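start-v3.json follows; it contains JSON, C-alpha atoms.
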[["chain", "number", "residue", "atom", "x", "y", "z"],
["O", 10, "MET", "CA", 0.00, 0.00, 0.00],
["O", 11, "ILE", "CA", 1.36, 3.41, -0.99],
["O", 12, "GLU", "CA", 1.92, 5.73, 2.00],
["O", 13, "PHE", "CA", 0.82, 8.98, 0.37],
["O", 14, "ALA", "CA", 1.26, 10.99, 3.57],
["O", 15, "GLU", "CA", 4.94, 10.00, 3.73],
["O", 16, "HIS", "CA", 5.47, 11.07, 0.12],
["O", 17, "LEU", "CA", 3.89, 14.45, 0.91],
["O", 18, "LYS", "CA", 6.23, 14.90, 3.88],
["O", 19, "ALA", "CA", 9.26, 13.98, 1.77],
["O", 20, "ILE", "CA", 8.91, 17.12, -0.38],
["O", 21, "HIS", "CA", 10.20, 20.51, 0.73],
["O", 22, "ARG", "CA", 8.27, 23.40, -0.88],
["O", 23, "GLU", "CA", 9.15, 27.06, -1.19],
["O", 24, "LEU", "CA", 8.58, 30.05, -3.42],
["O", 25, "ALA", "CA", 11.38, 30.95, -5.81],
["O", 26, "LYS", "CA", 12.34, 34.62, -5.75],
["O", 27, "GLU", "CA", 14.40, 36.94, -7.92],
["O", 28, "ASP", "CA", 15.27, 40.51, -6.89],
["O", 29, "GLY", "CA", 12.80, 40.14, -4.04],
["O", 30, "GLN", "CA", 9.91, 39.21, -6.30],
["O", 31, "VAL", "CA", 8.22, 35.81, -6.41],
["O", 32, "VAL", "CA", 8.89, 34.15, -9.76],
["O", 33, "GLY", "CA", 7.87, 30.55, -9.17],
["O", 34, "VAL", "CA", 8.18, 27.42, -7.08],
["O", 35, "ARG", "CA", 11.05, 25.30, -5.83],
["O", 36, "LEU", "CA", 10.61, 21.68, -4.72],
["O", 37, "THR", "CA", 13.27, 19.46, -3.14],
["O", 38, "ARG", "CA", 13.16, 15.74, -2.44],
["O", 39, "THR", "CA", 15.78, 13.08, -1.71],
["O", 40, "TYR", "CA", 15.50, 9.64, -3.30],
["O", 41, "ASP", "CA", 17.14, 6.33, -2.37],
["O", 42, "ALA", "CA", 18.76, 6.04, -5.79],
["O", 43, "THR", "CA", 21.95, 7.14, -7.50],
["O", 44, "ALA", "CA", 22.10, 10.38, -9.47],
["O", 45, "GLU", "CA", 22.66, 8.32, -12.63],
["O", 46, "ASP", "CA", 19.48, 6.31, -12.00],
["O", 47, "VAL", "CA", 17.37, 9.39, -11.26],
["O", 48, "TRP", "CA", 18.81, 11.19, -14.29],
["O", 49, "ASP", "CA", 17.98, 8.20, -16.48],
["O", 50, "ALA", "CA", 14.43, 8.12, -15.10],
["O", 51, "VAL", "CA", 13.80, 11.78, -15.97],
["O", 52, "THR", "CA", 15.46, 11.79, -19.40],
["O", 53, "ASP", "CA", 15.08, 8.32, -20.97],
["O", 54, "PRO", "CA", 11.84, 8.24, -23.04],
["O", 55, "ALA", "CA", 11.32, 4.54, -22.29],
["O", 56, "ARG", "CA", 11.36, 5.22, -18.56],
["O", 57, "LEU", "CA", 9.53, 8.56, -18.67],
["O", 58, "ARG", "CA", 6.46, 6.93, -20.17],
["O", 59, "ARG", "CA", 6.39, 4.44, -17.28],
["O", 60, "TRP", "CA", 5.98, 7.06, -14.54],
["O", 61, "PHE", "CA", 5.20, 10.41, -16.22],
["O", 62, "LEU", "CA", 4.18, 10.76, -19.89],
["O", 63, "PRO", "CA", 5.32, 9.66, -23.33],
["O", 64, "VAL", "CA", 7.76, 12.18, -24.81],
["O", 65, "SER", "CA", 8.87, 12.86, -28.37],
["O", 66, "GLY", "CA", 11.13, 15.35, -30.15],
["O", 67, "ASP", "CA", 14.78, 16.13, -30.77],
["O", 68, "LEU", "CA", 15.90, 15.08, -27.30],
["O", 69, "ARG", "CA", 19.28, 16.80, -26.94],
["O", 70, "GLU", "CA", 20.62, 20.16, -25.79],
["O", 71, "GLY", "CA", 19.44, 22.68, -28.37],
["O", 72, "GLY", "CA", 16.59, 20.38, -29.40],
["O", 73, "ASP", "CA", 12.97, 20.25, -28.33],
["O", 74, "PHE", "CA", 10.46, 17.94, -26.68],
["O", 75, "GLN", "CA", 6.72, 17.34, -26.51],
["O", 76, "LEU", "CA", 4.96, 15.53, -23.69],
["O", 77, "GLU", "CA", 1.91, 13.65, -24.90],
["O", 78, "GLY", "CA", -1.21, 15.62, -23.97],
["O", 79, "ASN", "CA", 0.83, 18.15, -22.03],
["O", 80, "ALA", "CA", 3.48, 20.84, -22.42],
["O", 81, "GLY", "CA", 6.37, 20.99, -24.83],
["O", 82, "GLY", "CA", 9.39, 23.22, -25.11],
["O", 83, "ASP", "CA", 13.05, 23.71, -25.94],
["O", 84, "ILE", "CA", 15.96, 21.97, -24.21],
["O", 85, "LEU", "CA", 18.18, 24.81, -23.03],
["O", 86, "ALA", "CA", 20.75, 22.81, -21.06],
["O", 87, "CYS", "CA", 21.42, 19.09, -20.62],
["O", 88, "GLU", "CA", 24.35, 18.23, -18.34],
["O", 89, "PRO", "CA", 24.12, 14.56, -17.30],
["O", 90, "PRO", "CA", 23.69, 13.54, -14.59],
["O", 91, "ARG", "CA", 23.39, 16.90, -12.88],
["O", 92, "ARG", "CA", 21.25, 19.54, -14.64],
["O", 93, "LEU", "CA", 18.37, 19.78, -17.11],
["O", 94, "ARG", "CA", 16.86, 23.14, -18.10],
["O", 95, "VAL", "CA", 13.92, 23.51, -20.50],
["O", 96, "THR", "CA", 11.19, 25.90, -21.52],
["O", 97, "PHE", "CA", 7.85, 24.45, -20.49],
["O", 98, "GLY", "CA", 4.74, 25.49, -22.38],
["O", 99, "GLY", "CA", 6.14, 28.92, -23.32],
["O", 100, "GLU", "CA", 9.39, 30.82, -23.76],
["O", 101, "THR", "CA", 9.16, 32.53, -20.37],
["O", 102, "SER", "CA", 8.13, 29.42, -18.44],
["O", 103, "ILE", "CA", 11.36, 27.70, -17.36],
["O", 104, "VAL", "CA", 11.79, 24.38, -15.58],
["O", 105, "GLU", "CA", 15.20, 23.40, -14.22],
["O", 106, "VAL", "CA", 16.01, 20.09, -12.54],
["O", 107, "ARG", "CA", 19.22, 19.73, -10.53],
["O", 108, "LEU", "CA", 20.56, 16.49, -9.01],
["O", 109, "VAL", "CA", 22.99, 16.33, -6.09],
["O", 110, "PRO", "CA", 24.42, 12.96, -4.93],
["O", 111, "GLU", "CA", 24.17, 12.34, -1.17],
["O", 112, "ASP", "CA", 25.67, 9.81, 1.28],
["O", 113, "GLY", "CA", 28.47, 8.60, -0.96],
["O", 114, "GLY", "CA", 26.26, 8.52, -4.04],
["O", 115, "GLY", "CA", 23.63, 6.04, -2.87],
["O", 116, "ARG", "CA", 21.00, 8.75, -2.44],
["O", 117, "THR", "CA", 20.19, 11.75, -4.61],
["O", 118, "THR", "CA", 18.57, 15.09, -3.84],
["O", 119, "LEU", "CA", 16.49, 16.46, -6.68],
["O", 120, "GLU", "CA", 15.67, 20.16, -6.82],
["O", 121, "LEU", "CA", 13.03, 21.27, -9.31],
["O", 122, "GLU", "CA", 12.44, 24.96, -10.00],
["O", 123, "HIS", "CA", 9.66, 26.28, -12.23],
["O", 124, "THR", "CA", 9.85, 30.02, -12.86],
["O", 125, "VAL", "CA", 7.80, 32.54, -14.84],
["O", 126, "PRO", "CA", 7.75, 36.35, -15.06],
["O", 127, "PRO", "CA", 6.73, 37.98, -11.73],
["O", 128, "GLU", "CA", 3.37, 39.12, -13.10],
["O", 129, "MET", "CA", 2.44, 35.51, -13.90],
["O", 130, "ALA", "CA", 3.55, 34.34, -10.46],
["O", 131, "ALA", "CA", 0.89, 36.67, -8.98],
["O", 132, "GLY", "CA", 2.84, 37.29, -5.81],
["O", 133, "GLY", "CA", 2.94, 33.61, -5.00],
["O", 134, "ALA", "CA", -0.67, 32.67, -5.71],
["O", 135, "GLY", "CA", 0.53, 31.28, -9.03],
["O", 136, "ALA", "CA", 2.26, 28.51, -7.07],
["O", 137, "LEU", "CA", -1.14, 26.83, -6.79],
["O", 138, "TYR", "CA", -1.31, 26.45, -10.57],
["O", 139, "VAL", "CA", 1.89, 24.40, -10.85],
["O", 140, "GLY", "CA", 3.07, 23.31, -7.38],
["O", 141, "PRO", "CA", 0.55, 20.49, -6.84],
["O", 142, "GLY", "CA", 1.26, 19.14, -10.31],
["O", 143, "TRP", "CA", 4.98, 18.96, -9.61],
["O", 144, "ASP", "CA", 4.25, 17.35, -6.22],
["O", 145, "GLY", "CA", 2.44, 14.65, -8.17],
["O", 146, "GLY", "CA", 5.41, 14.30, -10.50],
["O", 147, "LEU", "CA", 7.85, 13.85, -7.61],
["O", 148, "LEU", "CA", 5.47, 11.30, -6.09],
["O", 149, "ALA", "CA", 5.35, 9.33, -9.34],
["O", 150, "LEU", "CA", 9.14, 9.49, -9.73],
["O", 151, "GLY", "CA", 9.57, 8.24, -6.17],
["O", 152, "LEU", "CA", 7.24, 5.29, -6.78],
["O", 153, "HIS", "CA", 9.15, 4.47, -9.96],
["O", 154, "VAL", "CA", 12.75, 4.61, -8.68],
["O", 155, "GLY", "CA", 11.66, 2.99, -5.42],
["O", 156, "GLY", "CA", 10.16, 0.01, -7.24],
["O", 157, "GLU", "CA", 6.70, 0.55, -5.74],
["O", 158, "VAL", "CA", 4.96, 0.22, -9.11],
["O", 159, "GLY", "CA", 5.38, -2.49, -11.72],
["O", 160, "GLU", "CA", 6.10, -2.59, -15.44],
["O", 161, "ASP", "CA", 2.38, -2.50, -16.23],
["O", 162, "HIS", "CA", 1.83, 0.73, -14.27],
["O", 163, "ASP", "CA", -0.31, 3.30, -16.11],
["O", 164, "PRO", "CA", 0.81, 6.75, -14.86],
["O", 165, "VAL", "CA", -2.06, 8.61, -16.53],
["O", 166, "ALA", "CA", -4.69, 6.41, -14.91],
["O", 167, "ALA", "CA", -2.83, 6.64, -11.60],
["O", 168, "ALA", "CA", -2.76, 10.45, -11.78],
["O", 169, "ASP", "CA", -6.55, 10.52, -12.22],
["O", 170, "SER", "CA", -7.26, 7.99, -9.46],
["O", 171, "PRO", "CA", -9.20, 8.94, -6.31],
["O", 172, "ALA", "CA", -6.12, 8.28, -4.15],
["O", 173, "THR", "CA", -3.91, 10.61, -6.19],
["O", 174, "GLN", "CA", -6.62, 13.28, -6.27],
["O", 175, "ARG", "CA", -6.74, 13.15, -2.47],
["O", 176, "PHE", "CA", -2.94, 13.45, -2.46],
["O", 177, "ASN", "CA", -3.33, 16.50, -4.70],
["O", 178, "LEU", "CA", -5.88, 18.10, -2.39],
["O", 179, "SER", "CA", -3.47, 17.77, 0.53],
["O", 180, "SER", "CA", -0.72, 19.18, -1.68],
["O", 181, "ILE", "CA", -2.89, 22.21, -2.45],
["O", 182, "GLY", "CA", -3.27, 22.78, 1.28],
["O", 183, "LEU", "CA", 0.48, 22.63, 1.81],
["O", 184, "TRP", "CA", 1.18, 25.05, -1.04],
["O", 185, "THR", "CA", -1.49, 27.39, 0.31],
["O", 186, "ALA", "CA", 0.35, 27.44, 3.64],
["O", 187, "VAL", "CA", 3.64, 28.26, 1.87],
["O", 188, "VAL", "CA", 2.04, 31.24, 0.08],
["O", 189, "GLU", "CA", 0.30, 32.44, 3.24],
["O", 190, "GLU", "CA", 3.56, 32.32, 5.20],
["O", 191, "ALA", "CA", 5.33, 34.35, 2.49],
["O", 192, "GLY", "CA", 2.65, 37.04, 2.77],
["O", 193, "SER", "CA", 3.22, 38.05, -0.83],
["O", 194, "SER", "CA", -0.25, 37.44, -2.24],
["O", 195, "SER", "CA", -3.63, 38.92, -1.40],
["O", 196, "ALA", "CA", -6.23, 36.72, 0.27],
["O", 197, "GLU", "CA", -8.52, 37.18, -2.71],
["O", 198, "ASP", "CA", -5.88, 36.11, -5.26],
["O", 199, "LEU", "CA", -4.92, 33.12, -3.15],
["O", 200, "ALA", "CA", -8.52, 31.99, -2.67],
["O", 201, "ALA", "CA", -9.11, 32.22, -6.42],
["O", 202, "ALA", "CA", -5.97, 30.21, -7.10],
["O", 203, "VAL", "CA", -7.05, 27.52, -4.63],
["O", 204, "ASP", "CA", -10.40, 27.19, -6.42],
["O", 205, "VAL", "CA", -8.65, 26.77, -9.77],
["O", 206, "ALA", "CA", -6.17, 24.25, -8.35],
["O", 207, "GLU", "CA", -8.89, 22.15, -6.72],
["O", 208, "ALA", "CA", -10.86, 22.05, -9.96],
["O", 209, "GLN", "CA", -7.74, 21.06, -11.91],
["O", 210, "PHE", "CA", -6.01, 18.61, -9.59],
["O", 211, "ALA", "CA", -8.81, 17.19, -7.43],
["O", 212, "PRO", "CA", -12.06, 17.56, -9.38],
["O", 213, "ASP", "CA", -13.72, 14.44, -7.99],
["O", 214, "VAL", "CA", -12.72, 14.65, -4.33],
["O", 215, "ASP", "CA", -15.25, 15.21, -1.56],
["O", 216, "ARG", "CA", -13.74, 18.27, 0.13],
["O", 217, "ALA", "CA", -15.04, 17.14, 3.53],
["O", 218, "GLY", "CA", -12.89, 14.01, 3.42],
["O", 219, "GLY", "CA", -10.07, 14.93, 1.12],
["O", 220, "ALA", "CA", -6.99, 13.96, 3.11],
["O", 221, "PRO", "CA", -5.21, 10.81, 1.92]]

Can the structure from this file be put into structure tokens for me?
Amino acid sequence: MIEFAEHLKAIHRELAKEDGQVVGVRLTRTYDATAEDVWDAVTDPARLRRWFLPVSGDLREGGDFQLEGNAGGDILACEPPRRLRVTFGGETSIVEVRLVPEDGGGRTTLELEHTVPPEMAAGGAGALYVGPGWDGGLLALGLHVGGEVGEDHDPVAAADSPATQRFNLSSIGLWTAVVEEAGSSSAEDLAAAVDVAEAQFAPDVDRAGGAP
């Protein structure tokens, strides 16, 4: 049985800032896997489709990619097994993944940063539009490298499952707390962002019993 609460606790969440302005989200999680294994999981198309989405394109630095049914973009930097930087759905939407080996190389800390122009970040409320989705991605990656799901695992079906939607609802609550603590977004903007996030990431969850 998947311990969703433990996966939620394993992720550190914060707002990314530049010149004092909120520009996105930063997530950090440590996996019991080598940097080479984690890098392979996030860049090899055969493995990506097993935990995330099918990907196509010119998969090299300077090339491009397209996730099936999701965002595409340009590959700005590819430095195995340490750093991947891409545009994600638009030229000003940047995702960077950094890997740092820990404990002699047997564990790896992954840091994911998704940044946009400050006006799109909406003082932090914009974190609700992307943060829960990336939480779900780090959950799926953890299940994959940890061997908790088999070869026949369907990541799309899993992402839409009631259990994952409840995970997402808890994630939304955690991101809401991060934005509230930062004090950089109005209550009205944050409440509107929460409504959008709940409709996107947890559309079928009974809000009265949403915790995993």

field: Neighbour list for range 129-133 of chain O as a count of residues only, cut-off 9 Å, only C-alpha atoms, skip fewer than 6 positions in-chain
entry: 17

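Distance-wise, CA of Gln75 in chain O and CA of Val51 in chain O end up 13.9 Å apart.
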
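Nearest residue to Gly115 in chain O among O:Trp48, O:Phe176, O:Phe13, O:Tyr40 is O:Tyr40, counting only C-alpha atoms.
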
query: Can you list, as a list of chain:residue names, every protein, DNA or RNA residue that comes within 7 Å of range 141-145 of chain O when you count only C-alpha atoms, leaving out same-chain residues fewer than 4 positions away?
result: O:Leu137, O:Ala149, O:Asn177, O:Ser180, O:Ile181

task: Between CA of Ala19 in chain O and CA of Leu119 in chain O, measure the distance and give it in Å to one decimal.
output: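 Going from CA of Ala19 in chain O over to CA of Leu119 in chain O, I get 11.4 Å.
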
message: I'd like the neighbourhood of Leu85 in chain O as number ranges by chain, where a residue qualifies if any of its atoms comes within 10 Å (using only C-alpha atoms), though same-chain residues fewer than 6 positions away should be ignored.
response: O: 69-73, 93-96, 103-105

query: Between CA of Val139 in chain O and CA of His123 in chain O, what is the distance, to one decimal in Å?
result: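 Separation of CA of Val139 in chain O and CA of His123 in chain O: 8.1 Å.
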
message: Show me, as a PyMOL selection string, the residues that have an atom within 8 Å of Thr101 in chain O when counting only C-alpha atoms, minus same-chain residues fewer than 4 positions from it.
response: chain O and resi 96+124-126

- request: Determine the nearest neighbour of Leu147 in chain O from the options O:Glu120, O:Leu183, O:Val203, O:Gly113, counting all atoms listed in the file.
  value: O:Glu120

Report the closest atom pair, with its distance in Å rounded to one decimal, for each residue of range 72-113 of chain O that has an atom no farther than 12 Å from range 158-165 of chain O; count all atoms listed in the file, sort by chain and then rising residue number, and write it as CSV.
residue,atom,partner,partner_atom,distance
O:Glu77,CA,O:Val165,CA,10.5
O:Gly78,CA,O:Val165,CA,10.3
O:Asn79,CA,O:Val165,CA,11.4

message: Restricting the calculation to only C-alpha atoms: of O:Ala136, O:Ser102, O:Val154, O:Leu68, which residue gets closest to Val205 in chain O?
response: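 The shortest atom-to-atom distance to Val205 in chain O comes from O:Ala136.
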
Of the listed residues O:Asp41, O:Glu100, O:Asp169, O:Asp83, that which approaches Gly66 in chain O most closely, counting all atoms listed in the file: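 Among the listed residues, the smallest separation from Gly66 in chain O belongs to O:Asp83.
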
task: Between O:His153, O:Arg116, O:Arg58, O:Arg175, single out the one closest to Thr39 in chain O, counting all atoms listed in the file.
output: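 Checking each of O:His153, O:Arg116, O:Arg58, O:Arg175 against Thr39 in chain O, counting all atoms listed in the file, the winner is O:Arg116.
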
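Of the residues under consideration (O:Ala202, O:Val214, O:Cys87, O:Leu36), O:Val214 shows the shortest atom-to-atom contact distance to Leu178 in chain O when counting only C-alpha atoms.
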
task: For Glu12 in chain O, please output as an MDAnalysis selection string all residues within 12 Å (counting only C-alpha atoms; exclusion window: fewer than 3 positions along the same chain).
output: chainID O and resid 15:19 148 151:152 157 172:173 176 221

Export range 14-27 of chain O of the preceding structure, keeping N, CA, C and O atoms, as a short mmCIF file (atom, residue, chain, number, x, y, z; two decimals), in the first residue's frame.
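Saved the output as selection.cif:
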data_model
loop_
_atom_site.label_atom_id
_atom_site.label_comp_id
_atom_site.auth_asym_id
_atom_site.auth_seq_id
_atom_site.Cartn_x
_atom_site.Cartn_y
_atom_site.Cartn_z
N ALA O 14 0.90 9.96 2.60
CA ALA O 14 1.26 10.99 3.57
C ALA O 14 2.78 11.10 3.69
O ALA O 14 3.33 12.21 3.81
N GLU O 15 3.48 9.97 3.64
CA GLU O 15 4.94 10.00 3.73
C GLU O 15 5.55 10.65 2.50
O GLU O 15 6.56 11.37 2.60
N HIS O 16 4.97 10.43 1.34
CA HIS O 16 5.47 11.07 0.12
C HIS O 16 5.25 12.58 0.18
O HIS O 16 6.09 13.35 -0.31
N LEU O 17 4.13 13.01 0.74
CA LEU O 17 3.89 14.45 0.91
C LEU O 17 4.95 15.07 1.82
O LEU O 17 5.48 16.14 1.53
N LYS O 18 5.26 14.39 2.92
CA LYS O 18 6.23 14.90 3.88
C LYS O 18 7.64 14.94 3.30
O LYS O 18 8.48 15.73 3.74
N ALA O 19 7.91 14.08 2.32
CA ALA O 19 9.26 13.98 1.77
C ALA O 19 9.64 15.17 0.90
O ALA O 19 10.81 15.35 0.57
N ILE O 20 8.66 16.00 0.52
CA ILE O 20 8.91 17.12 -0.38
C ILE O 20 9.01 18.42 0.41
O ILE O 20 8.14 18.73 1.23
N HIS O 21 10.07 19.16 0.17
CA HIS O 21 10.20 20.51 0.73
C HIS O 21 9.73 21.50 -0.33
O HIS O 21 10.18 21.44 -1.49
N ARG O 22 8.86 22.44 0.05
CA ARG O 22 8.27 23.40 -0.88
C ARG O 22 8.61 24.82 -0.47
O ARG O 22 8.51 25.16 0.70
N GLU O 23 8.92 25.64 -1.45
CA GLU O 23 9.15 27.06 -1.19
C GLU O 23 8.90 27.86 -2.46
O GLU O 23 8.85 27.30 -3.56
N LEU O 24 8.74 29.16 -2.28
CA LEU O 24 8.58 30.05 -3.42
C LEU O 24 9.96 30.46 -3.92
O LEU O 24 10.85 30.75 -3.12
N ALA O 25 10.13 30.48 -5.21
CA ALA O 25 11.38 30.95 -5.81
C ALA O 25 11.28 32.45 -6.01
O ALA O 25 10.26 32.96 -6.46
N LYS O 26 12.36 33.16 -5.65
CA LYS O 26 12.34 34.62 -5.75
C LYS O 26 13.53 35.13 -6.54
O LYS O 26 14.59 34.50 -6.58
N GLU O 27 13.34 36.28 -7.17
CA GLU O 27 14.40 36.94 -7.92
C GLU O 27 14.26 38.45 -7.70
O GLU O 27 13.18 39.00 -7.94
#
